[in-house]
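Q: Got a structure here, written out as C-alpha cells. Questions coming.
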Amino acid sequence: MAAFSSASDADGVLARAAAGVLRSPKATVAAVACVLLLVTAVVGPSLVPQDPYDLNVLDIMDAKLPPGGEGMDGTVFRLGTDGQGRDMLSAMVYGLRTSLFVGVLAGVVALVVGTVLGLVAAFAGGRIDSVIMRIVDLMLGLPTLLVALMLLALLGQGVWKVVLALVLVQWAMFARAVRGAALVEKNKDYVEAARMLGFSRPRILFGHLLPNCLSPLIVIGTLQVANAISAEATLSFLGIGLPITQPSLGLLIANGYTVLLSGQYWISVYPGLLLLLVVFSINIVGDRLREVLNPRLAERS
Amino acid sequence: MAVFVIRRLMQSLIVLAATAALVFLGVFAIGDPGEMLIPPDATPAERAQVMAALGLDRPLPVQFVTFLANILQGDFGRSFVFDQPSIALILGRLPATLELAFVALAIALVLGLPLGLLAGLRPRTATDEAIMTGSILGFSLPNFWQGMMLIMIFAVWLGWLPSTGRGPRGTILGIETSLASWEGIRHLILPATNLALFKLALVIRLTRTGVRETMPLDFVKFARAKGLTERRIVLVHVMKTIMIPLVTVIGMELGSLIAFAVVTETIFAWPGIGKLLIDSIMRLDRPVVVAYLLVVVAMFITLNFLVDVLYSILDPRIRLGRA
C-alpha cells in the first residue's frame, strides 16, 4: 500500500509540473525550444552539411566567409565560416551537442550525489549530518566559478575534469534541498508504516521518501543544468575548460573573440545566440517550475 | 556574542587551513614542481641538488608545514615569470579589480533597486512580467559573450568607447582611481557594465521579493492609516526593512564579483588579479596561482565572517540559534 501511495505522489508531482508549464504560454514555448534543442543535439550531426572536424572536407580558402558566402566549390555557408573554413552552422550543432552533454551529465551526477548525501544526512542525523552539512555550507559559501577555477587550475583541462569540477560545485545545492524536504517527510505516518512493515532502510529512503522530495529536486535540477552549461562555456572560454579537440559553444565563441575587433562578428555572435537560447529556455522552464512546485509561493497566490 | 564570534572565527580558520591544504596537495602532489623549475638537460645529480635546495626531497607532511610557515610569514613564493614575490604581484593588481567590482556593484544597485521596486509594487502586471523575464534573460546571458557583444556594439560598430584596457588614473581622496578623469571613466564603462549585468538580476529579484513580503505587513497598514503618502511609505519605511537582507546578500556577492571579474578582466584586458590568474595558469606560473587562490579565498572567508557577525548584531535569533 505504502509503495503504491508514494509512487502516485511522484506521478502527481510530475503531472503538476507538466500542467504548470503548459498553463503558461511563455514556459510552453521555452519547453518546446528545450526539446527541439535536445533533438538537434542528438540527431543534428547527421543533418548538417559537413563534419566540421573532418579535416578532409575543410578548405582553408573558405575561411572567414560571411554568412551566406559561397565557398570555392560553390557550397553556400548560411552562417558563414570560421578561421579554418569550417561551416559555422555545422560547428554550432556539434558544439551544442558537447555543451548539452557536459551540462546535463554534470547536472544529473550532481543531483544523484547530492540526493544521496542529503538523504543520508537527514536520516543518520548526529555527527554524520553535521559533517555533511558543514561541507555543504562551505561549498555554498564560495562562488561556484571560483571553486571550479581553482580545481581546473590544479587539474588541467579535459571533459571529465570539467564534469568533475561542475559536480563538485553543484551537489551541495541538491543535498541541502533534499535534506530539508526529507527532515519534514521522515516523521510522517507512511514512513513509520514502512518501518513497521520491516522494510530495509535503503528501500524506505529511495522507494518511499525520495518520491516525496521530488519537487525541490526538479526545480533545482533544471536550473543547475542551465548553470552547468553556462559555467562550462565560461571555463572553456577562459581556456581552462574543454580541450580544443572537443569544442563546445564556449570554445567556438572564444575562437571568434580574436577576430571580433576586425568585424568578423558571425564567428562569435551565432554560437553565443545559440548558447543564450539554450540557457534562457531552460531557465524560463525552471522559473515556471519553481512557481508551480514551490508550496510557499502556491499558497500566497 | 563573544562566544559566537570566537566560534565563527575558529570555523573560518579551519576553512582557510583546509583550502591551503587542498591547494598544496593540488599543486605539489599532482604536479611535479621539479619538472617546471629544472631544465630538461640537467644531469640527475644536478637535479637532485636542486630538489634538495628547494626542500622537495623531504616527506610531504614536512613540506606542507614549511609551506604553511612560509605563508604565515607572508612568503607565497616568487613568480617564475616576473621574478617578484607573488604576493606583491597580487596586491599590486588588486586595486584595479576592487575598483571594477565596486563600480559594478554601484551600477547594479542604481539600476536594480528601482526596477525591483517597480516589479514588486505591481505584481502580476505586464511591467512585472517584463522586468522578471528581463532578469531571467540577464542571468541567462553568458557573461563573457555579453561582454564581447558590448565591445562589438559600443567599441567596434559605434566607436563610442574604448574596447580594452584601463585608462589613465588620478588620485581622489588619496586613492588612485580611474574615476578621476573622463578618459579613465570611459575605459571603465564597458567592463563595469559587463560585471554589473551579472548581479543586476539578483538585485532586482531580491528587491521584488522583499517588497512583496513587506507590503502586506501591519506597519505598512499603520503608516497608511497615519496618512503618510504612498511614496514616503515605500521609499522610507519599506526600503529600510528590505535593506537588511539586501545588504547581507550584497556583502557576500562582492566576493563572487571579484571571482567573476576573472571573466570580465580577460575580455576587456583589465589589468586586475583575475587577468593575472588566467595569464599565470597559461604560463604555468604556479606560485602566482597559489597566491591568488589563497588571497581570494581568505578575502572571501573574511567577508562571510564579517557579514555573519553583522547579521548576528542585527538579528539576535541567529547567534542564539547557533551558540
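Identifiers in this document derive from the order of the C-alpha cells: chains are assigned A, B, ..., residues are numbered from 1 separately in each chain, and ligands are numbered from 1 in order of occurrence.
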List as a VMD selection string the protein and nucleic acid residues near A:Ile135, meaning an atom at most 12 Å away when only C-alpha atoms are counted, but skip any in the same chain fewer than 3 places from it.

A: (chain A and resid 114 117 to 118 121 128 to 132 138 to 142 168 to 169 171 to 173 175 to 176) or (chain B and resid 11 14 to 15 18)

Q: Give me the residues within 10 Å of A:Val269 as a list in words, counting only C-alpha atoms and dropping any in the same chain fewer than 4 places off.

A: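 Close residues of A:Val269: Leu252, Ile253, Gly256, Tyr257, Leu260, Gln264, Tyr265, Leu273, Leu274 and Leu275 of chain A; Trp145, Gln146, Met148, Met149 and Met152 of chain B.
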
Q: Taking only C-alpha atoms into account, produce a table as JSON lines in which each residue of chain A with an atom at most 7 Å from an atom of chain B appears once, together with its shortest atom pair and the distance in Å to one decimal, ordered by chain and rising number.

A:
{"residue": "A:Pro143", "atom": "CA", "partner": "B:Ser256", "partner_atom": "CA", "distance": 5.3}
{"residue": "A:Leu145", "atom": "CA", "partner": "B:Ala259", "partner_atom": "CA", "distance": 6.8}
{"residue": "A:Leu146", "atom": "CA", "partner": "B:Ala259", "partner_atom": "CA", "distance": 5.5}
{"residue": "A:Met150", "atom": "CA", "partner": "B:Leu293", "partner_atom": "CA", "distance": 6.8}
{"residue": "A:Ala153", "atom": "CA", "partner": "B:Ile281", "partner_atom": "CA", "distance": 6.3}
{"residue": "A:Leu154", "atom": "CA", "partner": "B:Gly26", "partner_atom": "CA", "distance": 5.5}
{"residue": "A:Ser230", "atom": "CA", "partner": "B:Pro142", "partner_atom": "CA", "distance": 6.1}
{"residue": "A:Thr234", "atom": "CA", "partner": "B:Phe144", "partner_atom": "CA", "distance": 6.7}
{"residue": "A:Leu260", "atom": "CA", "partner": "B:Met152", "partner_atom": "CA", "distance": 6.8}
{"residue": "A:Leu261", "atom": "CA", "partner": "B:Val156", "partner_atom": "CA", "distance": 6.3}
{"residue": "A:Gly272", "atom": "CA", "partner": "B:Trp145", "partner_atom": "CA", "distance": 6.2}
{"residue": "A:Leu276", "atom": "CA", "partner": "B:Leu141", "partner_atom": "CA", "distance": 5.7}
{"residue": "A:Val279", "atom": "CA", "partner": "B:Ser140", "partner_atom": "CA", "distance": 5.5}
{"residue": "A:Phe280", "atom": "CA", "partner": "B:Ser140", "partner_atom": "CA", "distance": 5.1}
{"residue": "A:Asn283", "atom": "CA", "partner": "B:Ile136", "partner_atom": "CA", "distance": 6.9}

Q: Find the residues near A:Leu22: any atom within 12 Å, counting only C-alpha atoms, skip ones fewer than 3 places away on the same chain, and give them as a ChimeraX atom specification.

A: /A:15-19,25-32,285,288-289,292

Q: Write the residues of the selection above to a file with N, CA and C atoms, as a short mmCIF file (atom, residue, chain, number, x, y, z; two decimals), in the first residue's frame.

A:
data_model
loop_
_atom_site.label_atom_id
_atom_site.label_comp_id
_atom_site.auth_asym_id
_atom_site.auth_seq_id
_atom_site.Cartn_x
_atom_site.Cartn_y
_atom_site.Cartn_z
N ALA A 15 3.02 15.34 -12.95
CA ALA A 15 1.84 15.83 -13.65
C ALA A 15 1.61 17.31 -13.35
N ARG A 16 1.80 17.67 -12.07
CA ARG A 16 1.62 19.07 -11.69
C ARG A 16 2.64 19.95 -12.41
N ALA A 17 3.88 19.45 -12.48
CA ALA A 17 4.94 20.22 -13.15
C ALA A 17 4.59 20.43 -14.62
N ALA A 18 4.18 19.34 -15.30
CA ALA A 18 3.87 19.43 -16.72
C ALA A 18 2.68 20.37 -16.94
N ALA A 19 1.64 20.20 -16.12
CA ALA A 19 0.46 21.03 -16.28
C ALA A 19 0.80 22.50 -16.04
N PRO A 25 1.96 30.24 -21.46
CA PRO A 25 2.40 30.21 -22.86
C PRO A 25 3.92 30.38 -22.97
N LYS A 26 4.46 31.30 -22.15
CA LYS A 26 5.89 31.58 -22.20
C LYS A 26 6.71 30.33 -21.89
N ALA A 27 6.30 29.63 -20.81
CA ALA A 27 7.04 28.43 -20.41
C ALA A 27 6.86 27.32 -21.43
N THR A 28 5.67 27.25 -22.06
CA THR A 28 5.44 26.22 -23.07
C THR A 28 6.38 26.41 -24.25
N VAL A 29 6.47 27.66 -24.71
CA VAL A 29 7.38 27.95 -25.82
C VAL A 29 8.80 27.55 -25.44
N ALA A 30 9.21 27.91 -24.21
CA ALA A 30 10.57 27.59 -23.77
C ALA A 30 10.78 26.08 -23.69
N ALA A 31 9.76 25.35 -23.21
CA ALA A 31 9.89 23.90 -23.10
C ALA A 31 10.03 23.26 -24.47
N VAL A 32 9.22 23.76 -25.43
CA VAL A 32 9.32 23.25 -26.80
C VAL A 32 10.73 23.52 -27.34
N VAL A 285 11.81 27.66 -18.13
CA VAL A 285 11.07 26.48 -17.67
C VAL A 285 11.30 26.28 -16.16
N ARG A 288 9.36 28.72 -14.05
CA ARG A 288 7.95 28.36 -14.03
C ARG A 288 7.73 27.17 -13.08
N LEU A 289 8.62 26.18 -13.15
CA LEU A 289 8.51 25.02 -12.27
C LEU A 289 8.58 25.46 -10.81
N VAL A 292 5.28 26.77 -9.79
CA VAL A 292 4.24 25.74 -9.70
C VAL A 292 4.48 24.81 -8.50
#

Q: Quick one: residues within 10 Å of A:Val48, only C-alpha atoms, excluding same-chain residues fewer than 6 positions away - as an mmCIF file with N, CA and C atoms, in the first residue's frame?

A:
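File produced: around20.cif:
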data_model
loop_
_atom_site.group_PDB
_atom_site.id
_atom_site.type_symbol
_atom_site.label_atom_id
_atom_site.label_comp_id
_atom_site.auth_asym_id
_atom_site.auth_seq_id
_atom_site.Cartn_x
_atom_site.Cartn_y
_atom_site.Cartn_z
ATOM 1 N N THR A 40 17.980 18.367 -31.753
ATOM 2 C CA THR A 40 19.034 18.830 -32.662
ATOM 3 C C THR A 40 20.390 18.281 -32.234
ATOM 4 N N ASP A 87 32.188 25.271 -41.609
ATOM 5 C CA ASP A 87 30.823 25.790 -41.678
ATOM 6 C C ASP A 87 30.327 26.071 -40.263
ATOM 7 N N LEU A 89 27.369 26.741 -39.064
ATOM 8 C CA LEU A 89 26.148 26.030 -38.673
ATOM 9 C C LEU A 89 26.486 24.619 -38.181
ATOM 10 N N SER A 90 27.325 23.920 -38.944
ATOM 11 C CA SER A 90 27.691 22.555 -38.549
ATOM 12 C C SER A 90 28.468 22.576 -37.233
ATOM 13 N N ALA A 91 29.420 23.509 -37.121
ATOM 14 C CA ALA A 91 30.231 23.591 -35.912
ATOM 15 C C ALA A 91 29.345 23.860 -34.701
ATOM 16 N N MET A 92 28.297 24.693 -34.896
ATOM 17 C CA MET A 92 27.420 25.018 -33.780
ATOM 18 C C MET A 92 26.609 23.810 -33.336
ATOM 19 N N VAL A 93 26.151 23.009 -34.305
ATOM 20 C CA VAL A 93 25.378 21.819 -33.930
ATOM 21 C C VAL A 93 26.260 20.856 -33.131
ATOM 22 N N TYR A 94 27.511 20.685 -33.573
ATOM 23 C CA TYR A 94 28.436 19.822 -32.821
ATOM 24 C C TYR A 94 28.728 20.424 -31.444
#

Q: From a DSSP pass on the backbone, collect the residues of stretch 42-192 of chain B flagged as strand (DSSP E) and hand them back as a list of chain:residue names.

A: B:Gly170, B:Thr171, B:Ile172, B:Ile175, B:Glu176, B:Thr177

Q: Among the residues of stretch 75-291 of chain B, find those DSSP assigns to alpha helix (DSSP H) from the backbone and print them as a PyMOL selection string.

A: chain B and resi 86-121+126-140+143-150+182-214+218-225+230-232+239-268+273-282+286-291
